[in-house]
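Participant: Input structure: protein-v6.pdb, which contains PDB, C-alpha atoms and all ligand atoms.
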ATOM      1  CA  MET Z 204      97.468  77.787 130.136
ATOM      2  CA  THR Z 205      96.712  74.145 129.409
ATOM      3  CA  THR Z 206      96.917  71.515 132.101
ATOM      4  CA  GLN Z 207      96.088  67.831 132.252
ATOM      5  CA  LYS Z 208      95.160  68.261 135.887
ATOM      6  CA  GLN Z 209      91.605  68.698 137.058
ATOM      7  CA  ILE Z 210      90.653  72.304 137.799
ATOM      8  CA  ALA Z 211      88.731  73.068 141.006
ATOM      9  CA  VAL Z 212      87.132  76.401 141.933
ATOM     10  CA  VAL Z 213      86.473  76.943 145.648
ATOM     11  CA  THR Z 214      84.468  80.020 146.643
ATOM     12  CA  GLY Z 215      85.366  81.935 149.795
ATOM     13  CA  SER Z 216      88.660  80.058 150.118
ATOM     14  CA  ASN Z 217      90.798  82.704 151.828
ATOM     15  CA  ARG Z 218      89.989  81.259 155.279
ATOM     16  CA  GLY Z 219      88.048  78.653 157.215
ATOM     17  CA  LEU Z 220      86.547  75.612 155.532
ATOM     18  CA  GLY Z 221      87.155  76.914 151.974
ATOM     19  CA  TYR Z 222      90.882  77.215 152.652
ATOM     20  CA  ALA Z 223      91.010  73.723 154.189
ATOM     21  CA  ILE Z 224      89.147  72.206 151.203
ATOM     22  CA  SER Z 225      91.497  73.979 148.771
ATOM     23  CA  ARG Z 226      94.519  72.636 150.605
ATOM     24  CA  LYS Z 227      93.209  69.062 150.629
ATOM     25  CA  LEU Z 228      92.302  69.154 146.922
ATOM     26  CA  ALA Z 229      95.718  70.578 146.011
ATOM     27  CA  GLN Z 230      97.385  67.835 148.075
ATOM     28  CA  ILE Z 231      95.847  65.223 145.759
ATOM     29  CA  SER Z 232      97.202  67.041 142.670
ATOM     30  CA  ILE Z 233      94.059  68.909 141.701
ATOM     31  CA  HIS Z 234      94.823  72.399 140.390
ATOM     32  CA  VAL Z 235      92.891  74.691 142.737
ATOM     33  CA  ILE Z 236      91.689  78.177 141.901
ATOM     34  CA  LEU Z 237      91.534  79.920 145.259
ATOM     35  CA  THR Z 238      88.998  82.757 145.245
ATOM     36  CA  SER Z 239      87.985  85.535 147.624
ATOM     37  CA  ARG Z 240      86.124  88.800 147.554
ATOM     38  CA  ASN Z 241      89.093  90.565 149.173
ATOM     39  CA  GLN Z 242      92.174  90.295 146.963
ATOM     40  CA  THR Z 243      94.750  90.921 149.706
ATOM     41  CA  ASP Z 244      93.296  88.117 151.874
ATOM     42  CA  GLY Z 245      93.098  85.759 148.909
ATOM     43  CA  LEU Z 246      96.661  86.368 147.755
ATOM     44  CA  ALA Z 247      97.938  85.827 151.304
ATOM     45  CA  ALA Z 248      96.114  82.472 151.415
ATOM     46  CA  LYS Z 249      97.546  81.518 148.011
ATOM     47  CA  GLU Z 250     101.070  82.358 149.222
ATOM     48  CA  LYS Z 251     100.627  80.084 152.236
ATOM     49  CA  LEU Z 252      99.611  77.133 150.042
ATOM     50  CA  SER Z 253     102.304  77.869 147.454
ATOM     51  CA  SER Z 254     104.929  77.883 150.221
ATOM     52  CA  GLU Z 255     103.877  74.268 150.945
ATOM     53  CA  GLY Z 256     104.667  73.430 147.310
ATOM     54  CA  LEU Z 257     100.984  73.146 146.340
ATOM     55  CA  ALA Z 258      99.799  74.146 142.834
ATOM     56  CA  VAL Z 259      97.182  76.848 143.307
ATOM     57  CA  ASP Z 260      96.130  79.873 141.332
ATOM     58  CA  TYR Z 261      94.149  82.864 142.530
ATOM     59  CA  HIS Z 262      91.407  85.120 141.192
ATOM     60  CA  ARG Z 263      89.145  87.615 142.907
ATOM     61  CA  LEU Z 264      85.502  86.486 143.128
ATOM     62  CA  ASP Z 265      82.616  88.090 144.991
ATOM     63  CA  VAL Z 266      79.836  85.582 144.518
ATOM     64  CA  THR Z 267      77.108  88.145 145.219
ATOM     65  CA  ASN Z 268      78.263  90.421 142.398
ATOM     66  CA  ASP Z 269      77.217  89.819 138.761
ATOM     67  CA  VAL Z 270      80.212  91.672 137.276
ATOM     68  CA  SER Z 271      82.697  89.860 139.494
ATOM     69  CA  VAL Z 272      81.253  86.466 138.512
ATOM     70  CA  GLN Z 273      81.271  87.410 134.810
ATOM     71  CA  GLN Z 274      84.898  88.596 134.974
ATOM     72  CA  PHE Z 275      85.953  85.479 136.851
ATOM     73  CA  THR Z 276      84.190  83.156 134.395
ATOM     74  CA  GLU Z 277      85.778  84.911 131.405
ATOM     75  CA  TRP Z 278      89.228  84.675 132.999
ATOM     76  CA  LEU Z 279      88.692  80.979 133.742
ATOM     77  CA  ARG Z 280      87.565  80.287 130.173
ATOM     78  CA  GLU Z 281      90.551  82.141 128.669
ATOM     79  CA  THR Z 282      93.155  80.797 131.115
ATOM     80  CA  TYR Z 283      92.120  77.167 131.490
ATOM     81  CA  GLY Z 284      89.202  76.617 129.100
ATOM     82  CA  LYS Z 285      87.469  74.329 131.592
ATOM     83  CA  VAL Z 286      86.432  73.642 135.155
ATOM     84  CA  ASP Z 287      85.989  70.177 136.649
ATOM     85  CA  ILE Z 288      85.010  70.899 140.258
ATOM     86  CA  LEU Z 289      83.028  73.710 141.888
ATOM     87  CA  VAL Z 290      82.839  73.933 145.675
ATOM     88  CA  ASN Z 291      80.150  76.398 146.764
ATOM     89  CA  ASN Z 292      81.616  77.207 150.159
ATOM     90  CA  ALA Z 293      81.272  80.994 150.604
ATOM     91  CA  GLY Z 294      78.618  81.690 153.199
ATOM     92  CA  VAL Z 295      77.493  84.011 155.955
ATOM     93  CA  ASN Z 296      75.747  83.423 159.268
ATOM     94  CA  PRO Z 297      74.915  86.889 160.577
ATOM     95  CA  THR Z 298      74.943  87.078 164.347
ATOM     96  CA  PRO Z 299      71.304  87.714 165.101
ATOM     97  CA  LYS Z 300      70.147  90.316 167.550
ATOM     98  CA  PRO Z 301      68.345  88.537 170.440
ATOM     99  CA  GLU Z 302      64.952  89.192 168.877
ATOM    100  CA  GLU Z 303      66.191  87.668 165.618
ATOM    101  CA  SER Z 304      66.420  84.132 166.929
ATOM    102  CA  SER Z 305      62.728  83.787 166.117
ATOM    103  CA  LEU Z 306      61.108  83.825 162.696
ATOM    104  CA  LEU Z 307      58.335  85.879 164.278
ATOM    105  CA  THR Z 308      60.667  88.800 164.895
ATOM    106  CA  VAL Z 309      63.664  88.377 162.572
ATOM    107  CA  GLN Z 310      64.395  91.420 160.389
ATOM    108  CA  LEU Z 311      63.497  90.805 156.754
ATOM    109  CA  GLU Z 312      66.743  92.561 155.800
ATOM    110  CA  THR Z 313      68.695  89.868 157.679
ATOM    111  CA  MET Z 314      66.733  87.207 155.801
ATOM    112  CA  ARG Z 315      67.374  88.920 152.463
ATOM    113  CA  SER Z 316      71.119  89.467 152.868
ATOM    114  CA  THR Z 317      71.701  85.909 154.123
ATOM    115  CA  TRP Z 318      69.678  84.484 151.226
ATOM    116  CA  GLU Z 319      71.658  86.672 148.789
ATOM    117  CA  THR Z 320      75.015  85.112 149.756
ATOM    118  CA  ASN Z 321      74.015  81.613 150.768
ATOM    119  CA  VAL Z 322      71.486  80.798 148.037
ATOM    120  CA  LEU Z 323      71.323  83.251 145.125
ATOM    121  CA  ALA Z 324      75.107  83.406 144.889
ATOM    122  CA  VAL Z 325      75.287  79.604 144.685
ATOM    123  CA  LEU Z 326      72.813  79.748 141.813
ATOM    124  CA  ARG Z 327      74.695  82.629 140.134
ATOM    125  CA  ILE Z 328      78.087  80.890 140.112
ATOM    126  CA  SER Z 329      76.502  77.548 139.178
ATOM    127  CA  GLN Z 330      74.757  79.147 136.178
ATOM    128  CA  ALA Z 331      78.090  80.692 135.126
ATOM    129  CA  LEU Z 332      80.283  77.582 135.446
ATOM    130  CA  ILE Z 333      77.989  74.668 134.569
ATOM    131  CA  PRO Z 334      78.219  75.505 130.815
ATOM    132  CA  LEU Z 335      82.015  74.953 131.078
ATOM    133  CA  MET Z 336      81.307  71.555 132.609
ATOM    134  CA  LYS Z 337      78.651  70.615 130.073
ATOM    135  CA  VAL Z 338      81.015  71.031 127.096
ATOM    136  CA  GLN Z 339      83.307  68.387 128.543
ATOM    137  CA  ASN Z 340      80.475  66.201 129.883
ATOM    138  CA  TYR Z 341      82.100  66.206 133.310
ATOM    139  CA  GLY Z 342      81.621  68.118 136.528
ATOM    140  CA  ARG Z 343      81.403  67.729 140.288
ATOM    141  CA  ILE Z 344      79.615  70.364 142.382
ATOM    142  CA  VAL Z 345      79.770  70.382 146.182
ATOM    143  CA  ASN Z 346      77.361  72.622 148.096
ATOM    144  CA  ILE Z 347      78.120  73.295 151.749
ATOM    145  CA  SER Z 348      75.009  72.935 153.887
ATOM    146  CA  THR Z 349      74.358  72.061 157.517
ATOM    147  CA  GLU Z 350      72.448  69.447 159.487
ATOM    148  CA  MET Z 351      70.542  72.416 160.972
ATOM    149  CA  ALA Z 352      68.793  72.631 157.582
ATOM    150  CA  SER Z 353      67.506  69.052 157.581
ATOM    151  CA  LEU Z 354      63.703  69.327 157.594
ATOM    152  CA  THR Z 355      63.594  65.826 159.047
ATOM    153  CA  SER Z 356      65.607  66.792 162.130
ATOM    154  CA  ILE Z 357      63.933  70.196 162.449
ATOM    155  CA  LYS Z 358      60.601  68.402 162.740
ATOM    156  CA  SER Z 359      61.812  66.444 165.755
ATOM    157  CA  ASP Z 360      64.202  68.794 167.542
ATOM    158  CA  TYR Z 361      63.778  72.369 166.346
ATOM    159  CA  TYR Z 362      65.365  74.939 168.602
ATOM    160  CA  PRO Z 363      65.105  78.582 167.586
ATOM    161  CA  LEU Z 364      68.594  79.477 166.460
ATOM    162  CA  ALA Z 365      69.706  81.457 163.425
ATOM    163  CA  PRO Z 366      66.469  81.196 161.429
ATOM    164  CA  SER Z 367      67.833  83.263 158.516
ATOM    165  CA  TYR Z 368      70.818  80.934 158.241
ATOM    166  CA  ARG Z 369      68.747  77.760 158.544
ATOM    167  CA  LEU Z 370      66.232  78.845 155.962
ATOM    168  CA  SER Z 371      69.009  79.841 153.550
ATOM    169  CA  LYS Z 372      70.628  76.412 153.868
ATOM    170  CA  ILE Z 373      67.241  74.762 153.315
ATOM    171  CA  GLY Z 374      67.335  76.802 150.090
ATOM    172  CA  VAL Z 375      70.772  75.379 149.264
ATOM    173  CA  ASN Z 376      69.426  71.865 149.835
ATOM    174  CA  GLY Z 377      66.463  72.513 147.541
ATOM    175  CA  LEU Z 378      68.735  73.983 144.885
ATOM    176  CA  THR Z 379      70.910  70.877 145.075
ATOM    177  CA  VAL Z 380      67.986  68.516 144.450
ATOM    178  CA  LEU Z 381      66.474  70.607 141.646
ATOM    179  CA  LEU Z 382      69.784  71.160 139.849
ATOM    180  CA  ALA Z 383      70.577  67.454 140.115
ATOM    181  CA  LYS Z 384      67.325  66.745 138.266
ATOM    182  CA  GLU Z 385      68.235  69.235 135.535
ATOM    183  CA  LEU Z 386      71.714  67.756 135.168
ATOM    184  CA  GLN Z 387      70.623  64.131 134.714
ATOM    185  CA  GLY Z 388      72.611  62.602 131.872
ATOM    186  CA  ASP Z 389      75.345  65.272 131.819
ATOM    187  CA  ASN Z 390      77.839  63.458 134.086
ATOM    188  CA  ILE Z 391      77.734  66.495 136.348
ATOM    189  CA  LEU Z 392      77.197  65.255 139.915
ATOM    190  CA  ILE Z 393      75.915  67.778 142.457
ATOM    191  CA  ASN Z 394      75.555  67.017 146.158
ATOM    192  CA  ALA Z 395      75.330  68.864 149.470
ATOM    193  CA  TYR Z 396      76.936  68.030 152.794
ATOM    194  CA  SER Z 397      77.087  69.145 156.387
ATOM    195  CA  PRO Z 398      80.682  69.686 157.559
ATOM    196  CA  GLY Z 399      79.669  69.696 161.233
ATOM    197  CA  TRP Z 400      80.444  72.359 163.802
ATOM    198  CA  MET Z 401      83.981  73.576 163.124
ATOM    199  CA  LYS Z 402      86.472  75.958 164.712
ATOM    200  CA  THR Z 403      86.366  78.737 162.124
ATOM    201  CA  ASP Z 404      85.503  82.422 162.373
ATOM    202  CA  MET Z 405      81.889  81.370 161.824
ATOM    203  CA  GLY Z 406      81.894  78.340 164.125
ATOM    204  CA  GLY Z 407      83.892  79.921 166.968
ATOM    205  CA  GLU Z 408      86.511  78.402 169.220
ATOM    206  CA  ASN Z 409      84.147  76.147 171.186
ATOM    207  CA  ALA Z 410      83.434  74.012 168.128
ATOM    208  CA  PRO Z 411      84.608  70.410 168.534
ATOM    209  CA  PHE Z 412      86.182  69.930 165.112
ATOM    210  CA  THR Z 413      88.687  71.592 162.828
ATOM    211  CA  ALA Z 414      88.079  72.893 159.314
ATOM    212  CA  GLU Z 415      90.498  70.201 158.083
ATOM    213  CA  GLU Z 416      88.199  67.519 159.497
ATOM    214  CA  GLY Z 417      85.147  69.240 157.984
ATOM    215  CA  ALA Z 418      86.855  69.313 154.574
ATOM    216  CA  GLU Z 419      87.047  65.522 154.212
ATOM    217  CA  THR Z 420      83.567  65.013 152.798
ATOM    218  CA  ALA Z 421      84.094  67.832 150.281
ATOM    219  CA  VAL Z 422      87.063  65.962 148.843
ATOM    220  CA  TYR Z 423      85.035  62.739 148.659
ATOM    221  CA  LEU Z 424      82.178  64.467 146.787
ATOM    222  CA  ALA Z 425      84.537  66.469 144.543
ATOM    223  CA  THR Z 426      86.194  63.269 143.341
ATOM    224  CA  LEU Z 427      83.169  60.973 142.898
ATOM    225  CA  ALA Z 428      83.521  58.407 140.146
ATOM    226  CA  ASP Z 429      81.147  58.580 137.164
ATOM    227  CA  GLY Z 430      77.726  57.246 138.153
ATOM    228  CA  GLY Z 431      78.263  58.263 141.798
ATOM    229  CA  ALA Z 432      75.856  60.018 144.156
ATOM    230  CA  GLN Z 433      73.599  62.624 142.574
ATOM    231  CA  GLY Z 434      71.385  65.137 144.409
ATOM    232  CA  GLN Z 435      72.107  63.707 147.878
ATOM    233  CA  PHE Z 436      72.797  65.167 151.320
ATOM    234  CA  PHE Z 437      75.809  63.809 153.215
ATOM    235  CA  ALA Z 438      77.003  63.986 156.808
ATOM    236  CA  GLU Z 439      80.590  64.757 157.697
ATOM    237  CA  MET Z 440      82.583  61.573 157.092
ATOM    238  CA  ARG Z 441      84.670  61.851 160.247
ATOM    239  CA  LYS Z 442      81.585  61.283 162.398
ATOM    240  CA  PHE Z 443      80.735  57.949 160.779
ATOM    241  CA  GLY Z 444      84.077  56.856 159.361
ATOM    242  CA  GLY Z 445      82.720  56.963 155.808
ATOM    243  CA  PRO Z 446      80.151  58.602 153.527
ATOM    244  CA  ILE Z 447      76.702  58.554 155.153
ATOM    245  CA  GLN Z 448      73.614  60.159 153.659
ATOM    246  CA  LEU Z 449      71.420  62.462 155.748
ATOM    247  CA  GLN Z 450      67.679  62.858 155.363
ATOM    248  CA  TRP Z 451      66.694  66.145 153.761
TER     249      TRP Z 451
HETATM  250  N1  LIG N   1      81.729  76.782 160.853
HETATM  251  C1  LIG N   1      80.779  75.885 161.015
HETATM  252  O1  LIG N   1      80.623  75.301 162.104
HETATM  253  C2  LIG N   1      79.891  75.519 159.852
HETATM  254  C3  LIG N   1      78.930  74.488 160.045
HETATM  255  C4  LIG N   1      78.112  74.110 158.982
HETATM  256  C5  LIG N   1      78.271  74.737 157.748
HETATM  257  N2  LIG N   1      79.202  75.737 157.589
HETATM  258  C6  LIG N   1      79.313  76.343 156.256
HETATM  259  O2  LIG N   1      80.637  76.197 155.782
HETATM  260  C7  LIG N   1      80.958  77.263 154.869
HETATM  261  C8  LIG N   1      82.248  77.927 155.282
HETATM  262  O3  LIG N   1      82.067  78.417 156.596
HETATM  263  P1  LIG N   1      83.282  78.802 157.556
HETATM  264  O4  LIG N   1      82.968  78.204 158.874
HETATM  265  O5  LIG N   1      84.591  78.537 156.904
HETATM  266  O6  LIG N   1      83.014  80.377 157.667
HETATM  267  P2  LIG N   1      84.000  81.635 157.704
HETATM  268  O7  LIG N   1      85.232  81.279 158.428
HETATM  269  O8  LIG N   1      83.153  82.761 158.184
HETATM  270  O9  LIG N   1      84.346  81.836 156.145
HETATM  271  C9  LIG N   1      83.371  82.238 155.240
HETATM  272  C10 LIG N   1      84.020  82.484 153.898
HETATM  273  O10 LIG N   1      83.002  82.898 152.979
HETATM  274  C11 LIG N   1      83.478  84.069 152.334
HETATM  275  N3  LIG N   1      82.420  84.908 151.781
HETATM  276  C12 LIG N   1      81.355  85.454 152.398
HETATM  277  N4  LIG N   1      80.650  86.208 151.537
HETATM  278  C13 LIG N   1      81.285  86.133 150.339
HETATM  279  C14 LIG N   1      81.071  86.696 149.059
HETATM  280  N5  LIG N   1      80.039  87.530 148.821
HETATM  281  N6  LIG N   1      81.907  86.376 148.041
HETATM  282  C15 LIG N   1      82.959  85.543 148.260
HETATM  283  N7  LIG N   1      83.246  85.023 149.463
HETATM  284  C16 LIG N   1      82.411  85.307 150.496
HETATM  285  C17 LIG N   1      84.283  84.799 153.411
HETATM  286  O11 LIG N   1      85.074  85.809 152.840
HETATM  287  P3  LIG N   1      85.607  87.106 153.712
HETATM  288  O12 LIG N   1      86.862  86.647 154.404
HETATM  289  O13 LIG N   1      85.844  88.149 152.677
HETATM  290  O14 LIG N   1      84.508  87.447 154.683
HETATM  291  C18 LIG N   1      85.065  83.606 153.955
HETATM  292  O15 LIG N   1      86.147  83.289 153.117
HETATM  293  C19 LIG N   1      79.751  78.200 154.888
HETATM  294  O16 LIG N   1      78.912  77.939 153.786
HETATM  295  C20 LIG N   1      79.058  77.845 156.196
HETATM  296  O17 LIG N   1      77.680  78.148 156.163
HETATM  297  C21 LIG N   1      80.013  76.135 158.605
END
Write the structure described by the file as C-alpha cells, please.
Ligand SMILES: NC(=O)c1ccc[n+]([C@@H]2O[C@H](COP(=O)([O-])OP(=O)(O)OC[C@H]3O[C@@H](n4cnc5c(N)ncnc54)[C@H](OP(=O)(O)O)[C@@H]3O)[C@@H](O)[C@H]2O)c1
Facilitator:
Amino acid sequence: MTTQKQIAVVTGSNRGLGYAISRKLAQISIHVILTSRNQTDGLAAKEKLSSEGLAVDYHRLDVTNDVSVQQFTEWLRETYGKVDILVNNAGVNPTPKPEESSLLTVQLETMRSTWETNVLAVLRISQALIPLMKVQNYGRIVNISTEMASLTSIKSDYYPLAPSYRLSKIGVNGLTVLLAKELQGDNILINAYSPGWMKTDMGGENAPFTAEEGAETAVYLATLADGGAQGQFFAEMRKFGGPIQLQW
C-alpha cells in the first residue's frame, strides 16, 4: 500500500495513553498503525477508531519479543515501505509488594521484568524501525517517561515509591539522550516527555488528568518541524499551556 500520509507506529495502543495518542494523531490525518500484544484487544481498539471515521491500521506487536518485532518490521516494510513516527508508549509499572517500595528490599526479578518492557523493548523497537527512518532522512521518536524519573527532582524530593519503575524510566531518559547523539544529522528527532498522572489502568481513578490530556505533548513532539528539539525532556503541555522542558 502506498500513501502520501505520514505513518505513525504507537506501541501498546489498545488502551490508555497509547490509544489516546493514536486517536489524536489520526485526527490530524496521520495514518496510525495501532499495535498491541493481544490481538483481540488491539482489533477492538482499531474498530472503535475506525467507527469514528479515522484512518488506522492494526498489527500485533509484543515489544519484549524479538520474533514479534521482526515480523512487525517486515510487515511494515512490505505494506508501507516507511515509518515517519514512532511513539514508545508500551510500559508496565508492577504494583510492588510493601517491601518493594525500597531499593534495599525490592526483588531483582521485579527490577528485571520492568527494565525488560520499559527500557530494552524501547531499544529493540528503535533498532528495528530507525533504519526505515534513515533511508528517508526523516523520523520523529517520542519516548514516554515520567517526572518521577527526573534526577534533578529526585535529588530534592525523593520519596520511596516504585523504585523499579523509576529506575526504568531513568533508563528511558538516558536512552533518549544517547540515541539523540547518535542520530545527529539524520533529521530523526527523539525526545522524551512526562504525560503527568492520568486516569488509566496504570494511573488509577484518582489521577487528576485524562489520557487525552496526557497525549497532547506526544502529538507536539511527533510533529516537530525539521531542526526542532532533539534529545530533550518535556513536561505535559496542559500544565504550562505550551511546550516546557524539564531538567533530566
Ligand atoms: N498513567 C500514568 O499516570 C502515567 C504517568 C507517567 C507515565 N506513564 C507512562 O505512559 C505509558 C502508558 O501508560 P498507561 O497509563 O496508558 O498504562 P496502561 O493503561 O497500563 O497501558 C499500558 C499499555 O502498554 C501495553 N504493554 C505492556 N507491555 C507490553 C508489551 N510487552 N508489548 C506491547 N504492549 C505492552 C499494555 O498492553 P496490555 O493491554 O496487553 O497489557 C497497554 O496497552 C507508559 O509508558 C507509562 O509508564 C503513565
Participant: Please determine, counting all atoms listed in the file, which residue among Z:Leu370, Z:Met314, Z:Leu220, Z:Leu332 has the shortest atom-to-atom distance to ligand LIG 1 (chain N).
Facilitator: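 Looking only at the distances to ligand LIG 1 (chain N), the closest residue turns out to be Z:Leu220.
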Participant: For ligand LIG 1 (chain N), collect every residue having any atom at a distance of at most 6 Å from a ligand atom (counting all atoms listed in the file); output as a VMD selection string.
Facilitator: chain Z and resid 214 to 221 239 to 241 264 to 267 292 to 295 320 347 to 349 397 to 401 403 to 406
Participant: If you count all atoms listed in the file, which residues fall within 10 Å of Z:Ile391, apart from same-chain ones fewer than 4 positions away, as a list of chain:residue names?
Facilitator: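 In the requested form, the answer reads Z:Asp287, Z:Ile288, Z:Ile333, Z:Met336, Z:Lys337, Z:Gln339, Z:Asn340, Z:Tyr341, Z:Gly342, Z:Arg343, Z:Ile344, Z:Leu382, Z:Ala383, Z:Glu385, Z:Leu386, Z:Gln387, Z:Asp429, Z:Gly430, Z:Gly431, Z:Gln433.
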Participant: Written as a short mmCIF file (atom, residue, chain, number, x, y, z; two decimals) with C-alpha atoms, keeping the file's coordinate frame, which residues does the PyMOL selection byres (((chain Z and resi 316) around 10) and not hetatm) give for the file shown?
Facilitator:
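Contents of part_7.cif, as written:
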data_model
loop_
_atom_site.label_atom_id
_atom_site.label_comp_id
_atom_site.auth_asym_id
_atom_site.auth_seq_id
_atom_site.Cartn_x
_atom_site.Cartn_y
_atom_site.Cartn_z
CA THR Z 267 77.11 88.14 145.22
CA VAL Z 295 77.49 84.01 155.96
CA ASN Z 296 75.75 83.42 159.27
CA PRO Z 297 74.92 86.89 160.58
CA LEU Z 311 63.50 90.80 156.75
CA GLU Z 312 66.74 92.56 155.80
CA THR Z 313 68.69 89.87 157.68
CA MET Z 314 66.73 87.21 155.80
CA ARG Z 315 67.37 88.92 152.46
CA THR Z 317 71.70 85.91 154.12
CA TRP Z 318 69.68 84.48 151.23
CA GLU Z 319 71.66 86.67 148.79
CA THR Z 320 75.02 85.11 149.76
CA ASN Z 321 74.02 81.61 150.77
CA VAL Z 322 71.49 80.80 148.04
CA LEU Z 323 71.32 83.25 145.12
CA SER Z 367 67.83 83.26 158.52
CA SER Z 371 69.01 79.84 153.55
#
Participant: Using atom CA of Z:Arg369 and atom CA of Z:Ile357 as the two end points, give the distance in Å to one decimal.
Facilitator: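 Distance reported for this atom pair: 9.8 Å.
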Participant: I'd like to see the residues matched by the PyMOL selection byres (((chain Z and resi 439) around 10) and not hetatm) on this file, and ideally I'd get them as an NGL selection string.
Facilitator: :Z and (349-350 or 396-400 or 416-421 or 437-438 or 440-449)
Participant: Atom CA of Z:Tyr283 and atom CA of Z:Leu424, how far apart in Å?
Facilitator: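 About the pair atom CA of Z:Leu424 and atom CA of Z:Tyr283: they are 22.2 Å apart.
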Participant: Rounded to one decimal, what separation in Å do you get between atom CA of Z:Ala223 and atom CA of Z:Asn390?
Facilitator: 26.1 Å
Participant: Please work out which residues fall within 12 Å of (89.1, 83.5, 132.9), coordinates as given in the file, with all atoms listed in the file counting, and return them as number ranges by chain.
Facilitator: Z: 204, 212, 236, 260-264, 271-286, 331-332, 335
Participant: List the neighbours of Z:Ile233 out to 6 Å using only C-alpha atoms; skip same-chain residues closer than 3 positions along the sequence, and give me the result as an MDAnalysis selection string.
Facilitator: chainID Z and resid 208:209 228:229
Participant: I need stretch 232-245 of chain Z from the structure I supplied, saved as a PDB file, in the first residue's frame with N, CA and C atoms retained.
Facilitator:
ATOM      1  N   SER Z 232      -4.891  13.556  10.503  1.00  0.00           N
ATOM      2  CA  SER Z 232      -4.624  12.911   9.197  1.00  0.00           C
ATOM      3  C   SER Z 232      -3.284  12.190   9.101  1.00  0.00           C
ATOM      4  N   ILE Z 233      -2.779  11.738  10.230  1.00  0.00           N
ATOM      5  CA  ILE Z 233      -1.612  10.850  10.192  1.00  0.00           C
ATOM      6  C   ILE Z 233      -2.149   9.424  10.179  1.00  0.00           C
ATOM      7  N   HIS Z 234      -1.553   8.567   9.341  1.00  0.00           N
ATOM      8  CA  HIS Z 234      -2.016   7.187   9.245  1.00  0.00           C
ATOM      9  C   HIS Z 234      -1.386   6.385  10.383  1.00  0.00           C
ATOM     10  N   VAL Z 235      -2.207   5.991  11.346  1.00  0.00           N
ATOM     11  CA  VAL Z 235      -1.685   5.352  12.564  1.00  0.00           C
ATOM     12  C   VAL Z 235      -1.736   3.834  12.448  1.00  0.00           C
ATOM     13  N   ILE Z 236      -0.606   3.207  12.843  1.00  0.00           N
ATOM     14  CA  ILE Z 236      -0.599   1.754  12.983  1.00  0.00           C
ATOM     15  C   ILE Z 236      -0.756   1.467  14.470  1.00  0.00           C
ATOM     16  N   LEU Z 237      -1.970   1.061  14.835  1.00  0.00           N
ATOM     17  CA  LEU Z 237      -2.244   0.673  16.217  1.00  0.00           C
ATOM     18  C   LEU Z 237      -1.591  -0.678  16.460  1.00  0.00           C
ATOM     19  N   THR Z 238      -0.953  -0.856  17.606  1.00  0.00           N
ATOM     20  CA  THR Z 238      -0.319  -2.150  17.889  1.00  0.00           C
ATOM     21  C   THR Z 238      -0.637  -2.586  19.321  1.00  0.00           C
ATOM     22  N   SER Z 239      -0.640  -3.907  19.511  1.00  0.00           N
ATOM     23  CA  SER Z 239      -0.856  -4.444  20.865  1.00  0.00           C
ATOM     24  C   SER Z 239      -0.311  -5.857  20.914  1.00  0.00           C
ATOM     25  N   ARG Z 240      -0.011  -6.303  22.128  1.00  0.00           N
ATOM     26  CA  ARG Z 240       0.465  -7.689  22.227  1.00  0.00           C
ATOM     27  C   ARG Z 240      -0.694  -8.668  22.165  1.00  0.00           C
ATOM     28  N   ASN Z 241      -1.900  -8.220  22.532  1.00  0.00           N
ATOM     29  CA  ASN Z 241      -3.082  -9.076  22.450  1.00  0.00           C
ATOM     30  C   ASN Z 241      -3.921  -8.634  21.244  1.00  0.00           C
ATOM     31  N   GLN Z 242      -4.048  -9.551  20.273  1.00  0.00           N
ATOM     32  CA  GLN Z 242      -4.692  -9.185  19.008  1.00  0.00           C
ATOM     33  C   GLN Z 242      -6.161  -8.795  19.187  1.00  0.00           C
ATOM     34  N   THR Z 243      -6.881  -9.527  20.027  1.00  0.00           N
ATOM     35  CA  THR Z 243      -8.313  -9.246  20.206  1.00  0.00           C
ATOM     36  C   THR Z 243      -8.494  -7.818  20.747  1.00  0.00           C
ATOM     37  N   ASP Z 244      -7.692  -7.457  21.753  1.00  0.00           N
ATOM     38  CA  ASP Z 244      -7.784  -6.105  22.335  1.00  0.00           C
ATOM     39  C   ASP Z 244      -7.431  -5.038  21.296  1.00  0.00           C
ATOM     40  N   GLY Z 245      -6.406  -5.325  20.506  1.00  0.00           N
ATOM     41  CA  GLY Z 245      -5.955  -4.351  19.512  1.00  0.00           C
ATOM     42  C   GLY Z 245      -6.986  -4.142  18.414  1.00  0.00           C
TER      43      GLY Z 245
END
